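Here is the structure we will look at, set down as structure tokens.
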Amino acid sequence: MDATRAPRIAELPLAVRNKIAAGEVIERPASVVKELVENALDAGATEIKVELEEGGAQLVRVVDDGSGMGPEDLALAFMPHATSKLRDVSDLEHIASLGFRGEALASIGSVSRARILSRPAGAATGYEVANDGGRVRGPVEAGARQGTTVEVRDLFFNTPARRRFLKRPATELGRTVDLLQRLALSHAGVGFVVVHDGRRVFDMERDMDLQARVRRAFGADVADGLLPVLAADGSTRLTGFVAPPRLARRDTTRQMWFLNGRALRDKVLARALKEAYRGVLMEGRQPVAFLHLAMDPAAVDVNVHPTKSEVRFRDERRLMGFLIAQLRDVVRSADLATPGERMLGRLAQRGEWSAPPLRGEPALSTGDLRVFEVPGRETAWRAPAPPPGDVVRVADTYLLRATADGFEILDQHALHERVTFERLQAELAAGGVLVQRLLVPELVELAREEVALIVEQRALLARTGLIVDAFGATTVAVHGMPAGIRRADGEELVHAVLAALHAGDGPPEAATLLADTLASRACRASVMAGDVLSPSEIEALLARAAAIAHDQTCPHGRPTRVRFTLADLEKAFGRRP
């Protein structure tokens with residue numbers, strides 16, 4: 001080795017290290033707010049005020065009434081890896097605080113002009129420390145209220161490339177408010193106020209419970225429809241609310257998980273929620289949920305990602321089983337029928353229907369005819385109102401029957417799909433779906449790797465009623481299919497199975513595979529829209545539906561019925577406002 005050659009490896013200066021750390025932890029104003037508010041919560045704050053200017057790019061100020069810091073703590077506040085929440089390696093095994101890395105304040109100070117003003121309880125005066133892009137000054141004595149105020153100005157002023165990546169102030173504000181809503185929902189007992197450019201944009205009183213906080217953040221329609229969740233498995237507790245499928249959305253913005261007070265987006269928890277709604281939620285829709293999970297800190301590793309947005313569970317399999325079972329029970333205990341009031345409201349919003357004005361006399365008497373419009377037909381179908389228990393067919397697709405407090409309209413195809421699927425599930429639980437053997441095997445051409453995958457899962461497929469084997473390198477032979485599926489198509493079944501096998505993270509269970517494949521094929525075994533059913537067939541369908549545990553949605557999550565209460569009818573006919 002040439003002794004005169006200068007070394008190429010050198011320790012990075014502290015300022016550079018802090019800016020690198022900031023790139024991992026501080027992405028935008030919302031990241032600053034998250035770190036500062038979590039620090040306030042760890043300090044025991046019961047009132048937190050967040051003030052923003054220009055979406056937070058110009059100013060983020062977080063004021064709390066927490067425990068505060070004295071001059072000794074403030075002297076270390078902007079030092080990297082300085083924290084009050086860890087002491088040795090063993091503490092990493094049971095982290096109970098929201099913050100613990102000791103990176104946030106140092107990272108924030110390295111890319112902004114920041115200052116901290118704090119006074120602990122009982123102290124006669126407060127102290128202030130400042131950090132101007134990595135240059136720390138203080139602490140010095142200063143007047144201060146009890147608690148801590150952190151001010152962050154000119155975010156990314158010394159890293160212009162990062163600042164250029166920020167969006168418009170309205171966009172950055174939206175991200176910050178979304179974050180604060182999650183923090184507010186995860187910490188009942190703490191009041192929050194958010195002010196942007198001098199205007200209050202969000203607040204939450206300290207004494208609001210979770211449901212009241214959901215109402216404040218997302219409105220009465222969501223809050224009033226929530227279903228309470230309360231379950232335990234040893235030291236693990238699950239509380240909160242889920243919403244019935246009719247309140248599902250196209251996005252996950254109303255899907256919130258909180259773990260030991262920490263708001264997070266975790267794939268395991270998201271998968272558990274999706275499984276709980278399997279079969280009652282239409283494809284492409286996302287459930288609405290606000291769920292708190294309390295666990296022994298030793299049972300979960302939060303030291304996975306710098307932003308602490310991902311965690312790792314020690315016993316993931318047991319946790320998944322517990323969550324799916326408990327959430328599924330709550331979801332399926334709800335009334336999943338589509339309420340008629342919502343449909344009438346939508347028609348009124350589109351201008352297609354409006355309630356007649358209130359008159360001195362009722363618009364219709366009990367003896368008048370009821371009119372049912374059948375889209376696509378030249379004349380309307382008319383029949384007297386059916387007495388309780390009678391069923392009226394509409395367009396050979398819908399079944400109308402009276403209920404105790406109104407009436408409901410059932411989709412005969414969707415209802416029969418659910419009945420068929422439940423029968424297939426019962427057969428599977430009893431040992432395997434009944435099989436109809438084919439006299440002549442049906443050949444299906446596939447890619448080589450697909451044939452290998454099918455052959456690998458032969459035993460599992462046999463339990464779901466699909467008997468299949470290799471027939472050469474690029475062909476499989478279907479020897480049998482589920483007996484309950486009429487109009488069965490072997491090629492469609494094989495491709496549906498492949499789609500389900502590719503979609504999972506690992507080898508699926510038979511019940512999951514059944515739900516993913518036979519659910520979609522169950523429609524072939526069901527009566528279709530337009531099929532003419534005899535009175536005895538209708539009676540048998542309704543009796544079979546009443547005998548199963550869940551008959552309010554088809555296996556794809558579509559509702560099997562729309563229910564109109566007497567109150568809905570009175571509103572529709574102008575009898576009540």
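Ordering of the structure tokens sets the chain letters (A, B, ...); residue numbers start at 1 within each chain; ligands are numbered from 1 in the order shown.
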**OP:** Quick one: everything within 12 Å of Asp178 in chain A, counting only C-alpha atoms, minus sequence neighbours fewer than 5 positions away in the same chain. Send it as a VMD selection string.
**Re:** chain A and resid 30 to 31 33 to 34 171 to 173 183 to 185 194 201 to 202 217 to 218 253 to 256 263
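Minimum distance to Ala121 in chain A across A:Thr176, A:Ser67, A:Thr148, A:Asn158 (counting only C-alpha atoms) occurs at A:Ser67.
Nearest-residue note for Ala447 in chain A: choosing from A:His495, A:Arg423, A:Arg285, A:Lys571, the minimum distance belongs to A:His495, counting only C-alpha atoms.
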**OP:** Pick out each residue of range 173-296 of chain A that DSSP on the backbone tags as alpha helix (DSSP H); I need them as a PyMOL selection string.
**Re:** chain A and resi 173-185+210-218+220-224+267-276
**OP:** Find the residues around Ala294 in chain A up to 12 Å (only C-alpha atoms counted), leave out those fewer than 3 positions away in its own chain, and share them as a PyMOL selection string.
**Re:** chain A and resi 96+186+230-240+257-263+291+297-300+319
